[in-house]
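Chemist: Below is the file protein16.txt, which contains compact mmCIF, C-alpha atoms.
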```txt
# COMPACT_ATOMS: atom_id res chain seq x y z
CA MET A 34 32.11 6.11 31.69
CA SER A 35 30.66 7.11 28.31
CA GLY A 36 29.70 3.48 27.71
CA ALA A 37 27.52 3.49 30.82
CA LEU A 38 25.94 6.80 29.81
CA VAL A 39 25.04 5.38 26.40
CA ARG A 40 23.36 2.33 27.99
CA ARG A 41 21.57 4.54 30.49
CA ALA A 42 20.21 6.67 27.63
CA ALA A 43 19.15 3.63 25.61
CA ALA A 44 17.35 2.20 28.63
CA ASP A 45 15.61 5.51 29.26
CA LEU A 46 14.32 5.47 25.67
CA LEU A 47 12.90 1.99 26.27
CA PHE A 48 11.40 3.10 29.58
CA LEU A 49 9.66 6.05 27.97
CA THR A 50 8.33 4.10 24.98
CA ILE A 51 7.15 0.96 26.78
CA GLU A 52 6.17 2.27 30.20
CA LYS A 53 5.05 5.80 29.29
CA ARG A 54 3.76 4.93 25.80
CA ARG A 55 5.80 7.54 23.96
CA THR A 56 6.87 7.12 20.37
CA LEU A 57 10.60 6.71 19.95
CA ASP A 58 10.81 10.20 18.43
CA GLN A 59 8.97 11.63 21.44
CA ALA A 60 11.20 9.69 23.83
CA MET A 61 14.36 11.02 22.18
CA ALA A 62 13.01 14.55 22.53
CA GLU A 63 12.04 14.09 26.19
CA SER A 64 14.88 11.96 27.61
CA PRO A 65 17.51 13.97 29.54
CA PRO A 66 20.11 11.14 29.42
CA PHE A 67 19.70 10.87 25.66
CA GLY A 68 19.77 14.64 25.27
CA ASP A 69 23.12 14.77 27.06
CA LEU A 70 24.74 12.61 24.37
CA ASP A 71 26.02 13.71 20.99
CA GLY A 72 27.70 12.28 17.90
CA PRO A 73 28.41 8.52 17.82
CA ASP A 74 27.25 8.01 21.42
CA ARG A 75 23.83 9.41 20.58
CA ALA A 76 23.57 7.26 17.45
CA PHE A 77 24.61 4.13 19.36
CA ALA A 78 22.04 4.70 22.12
CA ARG A 79 19.33 5.05 19.51
CA ALA A 80 20.54 1.93 17.70
CA ILE A 81 20.36 -0.12 20.91
CA ALA A 82 16.83 1.07 21.69
CA SER A 83 15.67 0.51 18.10
CA ALA A 84 17.09 -3.00 17.98
CA ALA A 85 15.40 -3.91 21.26
CA LEU A 86 12.02 -2.50 20.17
CA ARG A 87 12.22 -4.25 16.81
CA GLU A 88 12.33 -7.68 18.47
CA LEU A 89 11.09 -7.00 21.99
CA GLY A 90 8.70 -9.93 22.29
CA ARG A 91 11.37 -12.47 21.38
CA ILE A 92 13.88 -10.84 23.74
CA ASP A 93 11.43 -11.03 26.64
CA ARG A 94 10.68 -14.68 25.91
CA ALA A 95 14.37 -15.51 25.84
CA LEU A 96 15.00 -13.63 29.08
CA ALA A 97 12.25 -15.50 30.96
CA PRO A 98 14.19 -18.79 31.54
CA LEU A 99 17.11 -16.79 32.95
CA LEU A 100 14.96 -15.25 35.67
CA SER A 101 13.75 -16.72 38.96
CA ARG A 102 10.63 -14.55 38.76
CA PRO A 103 8.55 -13.07 35.91
CA LEU A 104 10.16 -10.19 34.05
CA GLN A 105 7.21 -7.98 34.94
CA ALA A 106 8.05 -8.43 38.63
CA ALA A 107 11.26 -6.45 38.13
CA SER A 108 11.15 -2.66 38.32
CA PRO A 109 10.56 -0.85 35.00
CA ALA A 110 14.12 0.52 35.13
CA ILE A 111 15.65 -2.93 35.61
CA ARG A 112 13.44 -4.34 32.84
CA ALA A 113 14.71 -1.66 30.49
CA LEU A 114 18.35 -2.36 31.36
CA LEU A 115 17.89 -6.12 31.00
CA ARG A 116 16.52 -5.60 27.50
CA VAL A 117 19.36 -3.20 26.64
CA GLY A 118 21.97 -5.69 27.79
CA ALA A 119 20.32 -8.68 26.12
CA VAL A 120 19.94 -7.07 22.70
CA GLN A 121 23.60 -6.04 22.70
CA LEU A 122 24.66 -9.60 23.45
CA TRP A 123 22.21 -11.43 21.24
CA ARG A 124 21.74 -9.17 18.22
CA MET A 125 24.41 -6.48 18.09
CA ASP A 126 27.60 -8.50 18.56
CA VAL A 127 28.81 -6.18 21.32
CA PRO A 128 31.67 -7.82 23.28
CA GLU A 129 30.48 -9.41 26.51
CA HIS A 130 32.63 -7.29 28.81
CA ALA A 131 31.32 -4.07 27.23
CA ALA A 132 27.67 -5.11 27.06
CA VAL A 133 27.49 -6.45 30.61
CA SER A 134 29.82 -4.12 32.49
CA ALA A 135 28.59 -0.89 30.92
CA THR A 136 24.92 -1.85 31.37
CA VAL A 137 25.46 -2.77 35.03
CA GLU A 138 27.38 0.46 35.53
CA ALA A 139 24.43 2.34 34.04
CA ALA A 140 22.21 1.06 36.86
CA LYS A 141 24.36 2.93 39.39
CA ASP A 142 23.41 6.23 37.75
CA TRP A 143 19.68 5.48 37.85
CA PRO A 144 18.04 5.72 41.30
CA ASP A 145 15.20 3.40 40.29
CA ALA A 146 17.67 0.70 39.22
CA ARG A 147 20.52 1.14 41.69
CA SER A 148 19.33 -1.50 44.15
CA GLY A 149 19.01 -4.10 41.39
CA GLY A 150 22.60 -3.95 40.16
CA ALA A 151 23.62 -7.36 41.48
CA PHE A 152 20.51 -8.99 39.99
CA LEU A 153 21.14 -7.27 36.67
CA ASN A 154 24.75 -8.42 36.62
CA ALA A 155 23.83 -12.03 37.37
CA VAL A 156 21.14 -12.22 34.68
CA LEU A 157 23.26 -10.59 31.97
CA ARG A 158 26.20 -12.90 32.69
CA ARG A 159 23.84 -15.84 32.24
CA ALA A 160 22.53 -14.20 29.07
CA ALA A 161 26.11 -14.09 27.75
CA ALA A 162 26.87 -17.68 28.72
CA GLU A 163 23.56 -19.25 27.66
CA ARG A 164 22.83 -17.41 24.43
CA PRO A 165 19.40 -18.37 23.08
CA ASP A 166 18.53 -18.94 19.45
CA LEU A 167 16.12 -16.06 18.94
CA ASP A 168 15.51 -17.15 15.37
CA ALA A 169 14.06 -20.43 16.63
CA LEU A 170 11.18 -18.51 18.20
CA PRO A 171 8.14 -17.76 16.00
CA LEU A 172 8.51 -14.61 13.93
CA THR A 173 5.22 -13.29 15.27
CA ALA A 174 6.61 -13.58 18.81
CA ILE A 175 8.22 -10.17 18.28
CA TRP A 176 4.80 -8.69 19.14
CA PRO A 177 2.54 -8.95 22.19
CA ASP A 178 0.43 -12.11 21.98
CA TRP A 179 -2.81 -10.20 21.46
CA LEU A 180 -1.38 -8.31 18.49
CA ALA A 181 0.02 -11.46 16.90
CA ASP A 182 -3.49 -12.94 17.15
CA VAL A 183 -5.05 -9.82 15.57
CA PHE A 184 -2.64 -9.91 12.63
CA THR A 185 -3.08 -13.64 12.12
CA GLU A 186 -6.87 -13.36 12.16
CA SER A 187 -6.90 -10.44 9.71
CA LEU A 188 -4.08 -11.46 7.34
CA GLY A 189 -3.79 -15.21 7.82
CA PRO A 190 -0.67 -16.93 9.19
CA ASP A 191 1.46 -16.20 6.10
CA GLY A 192 0.50 -12.54 6.00
CA ALA A 193 1.29 -12.09 9.69
CA VAL A 194 4.68 -13.75 9.27
CA ALA A 195 5.48 -11.53 6.27
CA LEU A 196 4.64 -8.44 8.30
CA ALA A 197 6.85 -9.61 11.16
CA ALA A 198 9.74 -10.39 8.82
CA ALA A 199 9.55 -6.88 7.38
CA GLN A 200 9.76 -5.40 10.89
CA LEU A 201 13.07 -7.15 11.55
CA GLY A 202 14.79 -5.39 8.65
CA GLU A 203 16.09 -1.84 8.73
CA PRO A 204 13.82 0.20 6.41
CA GLY A 205 15.28 2.18 3.56
CA ILE A 206 14.70 5.84 2.77
CA TYR A 207 12.45 6.63 -0.18
CA LEU A 208 11.89 9.94 -1.92
CA THR A 209 9.03 11.42 -3.93
CA ALA A 210 10.01 13.97 -6.57
CA LYS A 211 8.21 17.27 -7.07
CA THR A 212 8.71 17.03 -10.83
CA SER A 213 11.24 14.57 -12.27
CA ALA A 214 11.94 11.37 -10.33
CA ALA A 215 14.72 10.51 -12.78
CA ALA A 216 16.46 13.82 -12.05
CA VAL A 217 16.16 13.28 -8.28
CA ALA A 218 17.61 9.78 -8.62
CA GLU A 219 20.54 11.15 -10.59
CA VAL A 220 21.35 14.03 -8.26
CA THR A 221 21.01 11.99 -5.04
CA GLY A 222 22.67 8.85 -6.36
CA GLY A 223 19.47 6.94 -5.66
CA GLU A 224 17.64 4.21 -7.56
CA LEU A 225 14.52 5.02 -9.58
CA LEU A 226 11.94 2.29 -8.97
CA ASP A 227 9.11 1.08 -11.19
CA ASN A 228 6.59 2.62 -8.80
CA GLY A 229 8.06 6.10 -9.37
CA SER A 230 9.75 6.41 -5.97
CA VAL A 231 13.49 6.89 -5.54
CA ARG A 232 15.35 4.64 -3.12
CA ALA A 233 17.97 6.85 -1.51
CA PRO A 234 21.50 5.64 -0.80
CA GLY A 235 22.41 4.81 2.80
CA GLY A 236 23.17 7.40 5.44
CA PRO A 237 21.18 10.24 7.00
CA VAL A 238 18.68 11.99 4.77
CA GLU A 239 20.25 15.33 5.67
CA ALA A 240 23.41 14.25 3.86
CA LEU A 241 21.66 13.68 0.53
CA ALA A 242 22.46 16.05 -2.31
CA GLU A 243 20.02 18.92 -2.66
CA TYR A 244 18.59 18.33 0.82
CA GLY A 245 16.36 21.29 1.55
CA SER A 246 16.06 22.21 -2.12
CA GLY A 247 12.36 21.38 -2.18
CA ASP A 248 12.78 19.14 -5.23
CA TRP A 249 11.89 16.02 -3.23
CA TRP A 250 10.54 14.83 0.11
CA VAL A 251 10.80 11.60 2.09
CA GLN A 252 7.80 9.33 1.51
CA ASP A 253 7.33 5.57 1.57
CA PRO A 254 6.36 4.11 -1.84
CA ALA A 255 3.07 2.77 -0.46
CA ALA A 256 2.25 6.15 1.08
CA ALA A 257 2.85 7.79 -2.31
CA LEU A 258 0.41 5.49 -4.12
CA PRO A 259 -2.99 6.87 -2.94
CA ALA A 260 -2.49 10.30 -4.52
CA LYS A 261 -1.36 8.68 -7.76
CA LEU A 262 -4.45 6.45 -7.88
CA LEU A 263 -6.70 9.43 -7.19
CA MET A 264 -5.16 11.47 -10.00
CA ALA A 265 -5.09 8.50 -12.37
CA CYS A 266 -8.86 8.33 -12.12
CA ALA A 267 -9.14 12.07 -12.75
CA SER A 268 -7.10 11.74 -15.92
CA ASP A 269 -9.84 9.44 -17.25
CA ASP A 270 -12.60 11.94 -16.44
CA PRO A 271 -13.83 13.53 -19.70
CA ASP A 272 -14.92 16.63 -17.74
CA LYS A 273 -11.43 17.14 -16.25
CA SER A 274 -8.85 16.21 -18.85
CA GLY A 275 -5.85 18.23 -17.69
CA ILE A 276 -3.94 15.55 -15.74
CA VAL A 277 -1.55 13.47 -17.79
CA MET A 278 0.54 10.84 -16.01
CA ASP A 279 3.42 8.69 -17.17
CA GLN A 280 3.70 4.95 -16.56
CA SER A 281 5.29 5.40 -13.12
CA GLY A 282 2.47 7.64 -11.94
CA MET A 283 4.39 10.91 -12.25
CA VAL A 284 2.29 13.85 -13.37
CA MET A 285 3.28 15.13 -16.81
CA GLY A 286 0.49 17.63 -17.44
CA LYS A 287 -1.38 19.90 -15.06
CA SER A 288 -4.83 21.41 -14.61
CA PRO A 289 -5.59 23.97 -11.90
CA GLU A 290 -9.27 23.60 -12.78
CA ILE A 291 -9.39 20.42 -10.71
CA THR A 292 -10.07 20.89 -7.00
CA ALA A 293 -8.80 18.28 -4.59
CA ILE A 294 -9.39 18.03 -0.83
CA ASP A 295 -6.85 16.28 1.36
CA LEU A 296 -8.64 15.32 4.58
CA CYS A 297 -6.54 14.57 7.67
CA ALA A 298 -3.74 16.04 5.59
CA ALA A 299 -0.88 16.67 8.01
CA PRO A 300 2.08 16.32 7.85
CA GLY A 301 1.46 16.73 4.14
CA GLY A 302 3.26 14.26 1.88
CA LYS A 303 0.12 13.55 -0.11
CA THR A 304 -0.80 17.25 -0.13
CA LEU A 305 2.56 17.96 -1.76
CA GLN A 306 1.87 15.34 -4.44
CA LEU A 307 -1.50 16.88 -5.30
CA CYS A 308 -0.03 20.38 -5.33
CA ALA A 309 2.84 19.26 -7.56
CA ALA A 310 0.22 18.16 -10.09
CA GLY A 311 -0.97 21.74 -10.26
CA LEU A 312 -4.32 21.01 -8.65
CA ASN A 313 -6.30 23.47 -6.55
CA VAL A 314 -5.70 21.79 -3.18
CA ILE A 315 -7.49 22.27 0.13
CA ALA A 316 -5.65 20.62 3.03
CA VAL A 317 -7.77 20.01 6.14
CA ASP A 318 -6.63 18.78 9.53
CA ARG A 319 -7.77 19.48 13.08
CA SER A 320 -4.25 19.59 14.56
CA LYS A 321 -2.67 23.06 14.42
CA PRO A 322 0.83 21.80 15.33
CA ARG A 323 0.73 19.17 12.60
CA LEU A 324 -0.60 21.69 10.09
CA LYS A 325 2.29 23.97 10.94
CA ARG A 326 4.60 21.21 9.76
CA LEU A 327 2.53 20.89 6.57
CA GLU A 328 2.86 24.61 5.95
CA GLU A 329 6.62 24.38 6.46
CA ASN A 330 6.74 21.58 3.88
CA LEU A 331 4.76 23.68 1.42
CA GLU A 332 7.13 26.59 1.91
CA ARG A 333 10.21 24.40 1.51
CA THR A 334 8.95 22.92 -1.76
CA GLY A 335 7.57 26.17 -3.17
CA LEU A 336 4.09 24.68 -3.47
CA SER A 337 0.81 26.21 -2.34
CA ALA A 338 -2.47 24.99 -0.91
CA THR A 339 -5.38 26.35 1.08
CA VAL A 340 -4.75 25.11 4.63
CA ILE A 341 -7.72 24.82 6.99
CA THR A 342 -7.80 23.84 10.65
CA ALA A 343 -11.09 22.02 11.18
CA ASP A 344 -12.72 18.79 12.28
CA ALA A 345 -13.21 16.81 9.08
CA GLU A 346 -16.41 15.24 10.42
CA THR A 347 -18.20 18.59 10.53
CA TRP A 348 -16.33 20.84 8.06
CA ARG A 349 -17.76 21.21 4.57
CA PRO A 350 -16.32 23.08 1.54
CA GLU A 351 -18.17 25.97 -0.06
CA VAL A 352 -18.12 24.09 -3.36
CA ARG A 353 -17.88 20.34 -3.67
CA ALA A 354 -14.53 19.08 -4.90
CA ASP A 355 -13.65 16.88 -7.86
CA LEU A 356 -11.24 14.72 -5.88
CA LEU A 357 -10.83 13.86 -2.20
CA LEU A 358 -8.10 11.94 -0.45
CA LEU A 359 -8.95 10.61 3.00
CA ASP A 360 -5.94 9.23 4.86
CA ALA A 361 -8.02 8.34 7.89
CA PRO A 362 -6.75 8.13 11.47
CA CYS A 363 -5.86 4.52 12.15
CA SER A 364 -3.82 2.14 14.29
CA ALA A 365 -0.77 2.77 12.04
CA LEU A 366 0.14 -0.90 12.37
CA GLY A 367 1.35 -0.92 8.79
CA THR A 368 4.35 1.20 9.75
CA LEU A 369 5.83 -1.03 12.48
CA ARG A 370 9.00 -1.60 10.47
CA ARG A 371 9.67 2.13 10.90
CA HIS A 372 8.04 2.50 14.33
CA PRO A 373 8.26 -0.88 16.08
CA GLU A 374 7.38 0.72 19.42
CA GLY A 375 3.82 1.02 18.08
CA ALA A 376 3.24 -2.64 18.88
CA TRP A 377 3.82 -1.90 22.57
CA ILE A 378 2.32 1.58 22.82
CA LYS A 379 -1.09 0.51 21.56
CA ARG A 380 -3.63 -1.59 23.41
CA GLU A 381 -6.31 -3.84 21.96
CA GLY A 382 -9.01 -1.39 23.01
CA ASP A 383 -7.25 1.45 21.22
CA ILE A 384 -7.56 -0.34 17.89
CA ALA A 385 -11.22 -1.23 18.36
CA ARG A 386 -12.26 2.44 18.36
CA PHE A 387 -10.91 3.29 14.91
CA PRO A 388 -13.46 1.68 12.51
CA ASP A 389 -16.37 3.85 13.66
CA VAL A 390 -14.26 7.01 13.35
CA GLN A 391 -13.11 5.94 9.89
CA TYR A 392 -16.66 5.24 8.76
CA ARG A 393 -17.88 8.65 9.96
CA LEU A 394 -15.05 10.39 8.13
CA LEU A 395 -15.78 8.46 4.93
CA LYS A 396 -19.46 9.36 5.23
CA ALA A 397 -18.48 13.03 5.66
CA ALA A 398 -16.22 12.79 2.62
CA THR A 399 -19.19 11.81 0.43
CA GLU A 400 -20.74 15.20 1.25
CA MET A 401 -17.65 17.07 0.07
CA VAL A 402 -17.33 15.60 -3.45
CA ARG A 403 -19.41 16.42 -6.52
CA PRO A 404 -21.51 13.73 -8.23
CA GLY A 405 -19.17 11.65 -10.35
CA GLY A 406 -16.15 12.77 -8.33
CA THR A 407 -13.63 10.47 -6.72
CA ILE A 408 -12.70 9.58 -3.15
CA LEU A 409 -9.54 7.71 -2.29
CA TYR A 410 -9.84 6.13 1.16
CA CYS A 411 -6.62 4.86 2.71
CA VAL A 412 -5.18 3.79 6.05
CA CYS A 413 -1.62 2.84 7.00
CA THR A 414 -2.72 -0.44 8.53
CA PRO A 415 -3.36 -3.84 6.95
CA LEU A 416 -6.16 -4.75 9.36
CA LYS A 417 -9.35 -5.70 7.57
CA ALA A 418 -11.48 -4.03 10.26
CA GLU A 419 -9.95 -0.63 9.42
CA GLY A 420 -9.83 -1.09 5.66
CA ALA A 421 -12.00 -3.46 3.65
CA ASP A 422 -14.69 -3.71 6.33
CA VAL A 423 -15.10 0.09 6.53
CA VAL A 424 -15.48 0.31 2.76
CA ALA A 425 -17.89 -2.63 2.68
CA ARG A 426 -20.06 -0.92 5.30
CA ALA A 427 -20.15 2.32 3.31
CA ILE A 428 -21.10 0.42 0.15
CA ALA A 429 -23.81 -1.53 1.97
CA ASP A 430 -25.24 1.75 3.29
CA GLY A 431 -25.41 3.18 -0.23
CA LEU A 432 -22.83 5.89 0.40
CA VAL A 433 -20.29 4.89 -2.27
CA THR A 434 -19.47 2.46 -5.02
CA ARG A 435 -16.02 1.24 -5.98
CA LEU A 436 -13.91 2.50 -8.85
CA PRO A 437 -11.62 -0.53 -9.08
CA VAL A 438 -7.91 0.06 -9.53
CA ARG A 439 -6.46 -1.41 -12.70
CA PRO A 440 -2.99 -3.01 -12.71
CA GLU A 441 -1.63 -0.45 -15.18
CA GLU A 442 -2.60 2.33 -12.75
CA ALA A 443 -0.41 0.90 -9.99
CA PRO A 444 3.01 0.21 -11.52
CA GLY A 445 5.19 -1.67 -9.08
CA PHE A 446 2.16 -2.77 -7.06
CA ALA A 447 0.41 -5.19 -9.42
CA ASN A 448 0.60 -8.00 -6.85
CA SER A 449 -1.05 -5.84 -4.20
CA LEU A 450 -4.43 -5.52 -5.95
CA THR A 451 -7.30 -7.35 -4.27
CA ASP A 452 -10.13 -9.22 -5.96
CA HIS A 453 -12.38 -6.19 -5.38
CA GLY A 454 -9.98 -3.76 -7.05
CA ASP A 455 -8.67 -2.31 -3.79
CA VAL A 456 -4.97 -2.24 -2.88
CA LEU A 457 -3.34 -3.92 0.13
CA THR A 458 0.42 -3.36 0.12
CA LEU A 459 1.62 -6.20 2.33
CA PRO A 460 5.42 -6.44 2.62
CA GLY A 461 7.06 -8.91 0.29
CA LYS A 462 4.44 -8.72 -2.44
CA ASP A 463 5.90 -5.80 -4.37
CA GLY A 464 9.23 -4.97 -2.78
CA GLU A 465 9.94 -3.01 0.40
CA HIS A 466 7.23 -0.69 1.64
CA ASP A 467 4.78 -0.06 4.47
CA ALA A 468 1.46 -1.87 4.71
CA PHE A 469 -1.39 0.31 3.41
CA PHE A 470 -4.98 -0.34 2.46
CA MET A 471 -6.57 1.89 -0.16
CA SER A 472 -9.89 1.90 -2.00
CA ARG A 473 -11.03 4.22 -4.79
CA LEU A 474 -14.69 5.19 -4.55
CA THR A 475 -17.34 7.51 -5.96
CA PRO A 476 -20.18 8.97 -3.86
CA GLN A 477 -23.76 7.85 -4.38
CA ARG A 478 -25.46 10.77 -2.62
```
Go ahead and express the file in the form of structure tokens.
Modeler:
Amino acid sequence: MSGALVRRAAADLLFLTIEKRRTLDQAMAESPPFGDLDGPDRAFARAIASAALRELGRIDRALAPLLSRPLQAASPAIRALLRVGAVQLWRMDVPEHAAVSATVEAAKDWPDARSGGAFLNAVLRRAAAERPDLDALPLTAIWPDWLADVFTESLGPDGAVALAAAQLGEPGIYLTAKTSAAAVAEVTGGELLDNGSVRAPGGPVEALAEYGSGDWWVQDPAAALPAKLLMACASDDPDKSGIVMDQSGMVMGKSPEITAIDLCAAPGGKTLQLCAAGLNVIAVDRSKPRLKRLEENLERTGLSATVITADAETWRPEVRADLLLLDAPCSALGTLRRHPEGAWIKREGDIARFPDVQYRLLKAATEMVRPGGTILYCVCTPLKAEGADVVARAIADGLVTRLPVRPEEAPGFANSLTDHGDVLTLPGKDGEHDAFFMSRLTPQR
């Protein structure tokens, strides 16, 4: 019976993410069937849901010929169970009798799916007998058609394919050190990378040595780069000479005389980097719950910052800062390899609203930084509309000019520099990482 309970939980996670537009983390927190599991059963249910979300578009295409009616004509519960059964058969090498029988049995425990048990059984037995070649389908078919078109238009066909290929792989865990990356690599058994991040060994992060010590935090290498680029520029400022950085971007010297604002700061990875450099940091975010997490991270690491709950469009500091990091709200489409459900939660209209918000925040940022200061604008999306186009608009309006990033300032990311001196960290160019856009700027007003 536990096999059926696992499939029921996995299907409920899919139902909540796709039909109710929850993130997978939210779904795991809200799902009663998933909450009833523990240990290996819980891990397996999550693995099934993750595998299905990672390649959902291809799975749906391959299911279509096995159905006498469109997949969308089935009830949401049956759709979820069909996807759960198919991914076990086609991608997880689960034995046919276990994948089919346990998934069909799961329908009996779900009122919304109970009447479709015979249909589910028939389709999954065909899925086992007539196994499709998912790899023969286009890589970009893992996404909804509209999203594949958006990526292709913004990144070109090769860029879209590279992004899709990255989503199919299980992402690694990367750490940022508070002080010595080499020491963190040694104590955790991880690998110190050229970009200054530490690739952790496999397994849950909670099992790593010194977990909870505050000596490191989990952070993707691309997400760690904006703070480094911001501080690298400060180290060249003759008026603020206290920051000294090594070749990997780790801070070697400190200067509390430098004030840095982290706008839209929560949950705080970049705030921690700025604090670890010894800067006077002001972290601003309008979400109290997210700022609570930031404050917990500060406490865990023994770092300190001034934390302010405010709308970044209207808040202004008493004294203009030397540095400002704006990690603007965005579509987060650069993190699909970690959160593949994002491709199905978002709608085309959702994405269209971000550029105006991002521009307003960047305009506000220019009023928070002293003349000659530095702004680092970044978004965890590779879409041109949310990155390069926002910066180009601000430049055209006379708000900012670029401070181009030099290759030596971005170790490990030399291939990600654009012709304008911005950074676009597409997967495959410089190793494994999320897709970020970042541009270093100075205000003109």
Chemist: Rank nothing, just name the residue among A:Val251, A:Met61, A:Leu208, A:Val314 nearest to Ser230 in chain A, using only C-alpha atoms.
Modeler: A:Leu208
Chemist: With all atoms of range 442-445 of chain A from the file as input, state the centre and edge lengths in Å to one decimal of the axis-aligned box that has 3 Å extra on each side, as JSON.
Modeler:
```
{"center_x": 1.3, "center_y": 0.3, "center_z": -10.9, "size_x": 13.8, "size_y": 10.0, "size_z": 9.7}
```
Chemist: Got a sec: who's within 7 Å of Arg323 in chain A, counting only C-alpha atoms, leaving out chain neighbours fewer than 3 positions off, as a PyMOL selection string?
Modeler: chain A and resi 299-300+320+326-327
Chemist: Can you build me a table of range 318-399 of chain A residues sitting at most 12 Å from range 175-194 of chain A, with the closest atom pair per residue and its distance in Å to one decimal, using all atoms listed in the file, sorted by chain and residue number, as a Markdown table?
Modeler:
```
| residue | atom | partner | partner_atom | distance |
| --- | --- | --- | --- | --- |
| A:Ser364 | CA | A:Leu180 | CA | 11.5 |
| A:Leu366 | CA | A:Phe184 | CA | 9.4 |
| A:Gly367 | CA | A:Phe184 | CA | 10.6 |
| A:Leu369 | CA | A:Trp176 | CA | 10.2 |
| A:Arg370 | CA | A:Ile175 | CA | 11.6 |
| A:Pro373 | CA | A:Trp176 | CA | 9.1 |
| A:Glu374 | CA | A:Trp176 | CA | 9.8 |
| A:Gly375 | CA | A:Trp176 | CA | 9.8 |
| A:Ala376 | CA | A:Trp176 | CA | 6.3 |
| A:Trp377 | CA | A:Pro177 | CA | 7.2 |
| A:Ile378 | CA | A:Pro177 | CA | 10.6 |
| A:Lys379 | CA | A:Leu180 | CA | 9.3 |
| A:Arg380 | CA | A:Leu180 | CA | 8.6 |
| A:Glu381 | CA | A:Trp179 | CA | 7.3 |
| A:Gly382 | CA | A:Trp179 | CA | 10.9 |
| A:Asp383 | CA | A:Leu180 | CA | 11.7 |
| A:Ile384 | CA | A:Val183 | CA | 10.1 |
| A:Ala385 | CA | A:Val183 | CA | 10.9 |
```
Chemist: So that I can see what lies close to range 410-425 of chain A, please list as a ChimeraX atom specification the residues with an atom at most 8 Å from it, counting all atoms listed in the file and leaving out residues fewer than 6 positions away in the same chain.
Modeler: /A:184,187-188,256,259,358-368,387-388,391-392,395,457-459,467-474
Chemist: Which residues come within 10 Å of Ala242 in chain A, counting only C-alpha atoms, excluding same-chain residues fewer than 4 positions away, as a PyMOL selection string?
Modeler: chain A and resi 217+219-222+238+246
Chemist: When you count all atoms listed in the file, which of these residues is closest to Leu262 in chain A: A:Arg147, A:Arg439, A:Arg371, A:Arg333?
Modeler: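 Counting all atoms listed in the file, the residue closest to Leu262 in chain A is A:Arg439.
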Chemist: Would you please work out which residue, of A:Ile81, A:Asp463, A:Ala76, A:Arg435, is nearest to Ala447 in chain A when using only C-alpha atoms?
Modeler: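 Closest candidate: A:Asp463.
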Chemist: Can you find the residues with an atom no farther than 12 Å from (31.0, -4.2, 22.8), counting only C-alpha atoms, and report them as a ChimeraX atom specification?
Modeler: /A:36-37,39-40,77,81,118,120-136
Chemist: Please list as number ranges by chain every residue within 10 Å of Val231 in chain A, counting all atoms listed in the file and excluding residues in the same chain fewer than 3 positions away.
Modeler: A: 206-210, 214-219, 221-228, 234, 249, 251-254
Chemist: What does the distance from CA of Leu357 in chain A to CA of Asp452 in chain A come to in Å, to one decimal?
Modeler: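 Going from CA of Leu357 in chain A over to CA of Asp452 in chain A covers 23.4 Å.
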Chemist: CA of Ala338 in chain A and CA of Trp250 in chain A are how many Å apart?
Modeler: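 Interatomic distance here is 16.5 Å.
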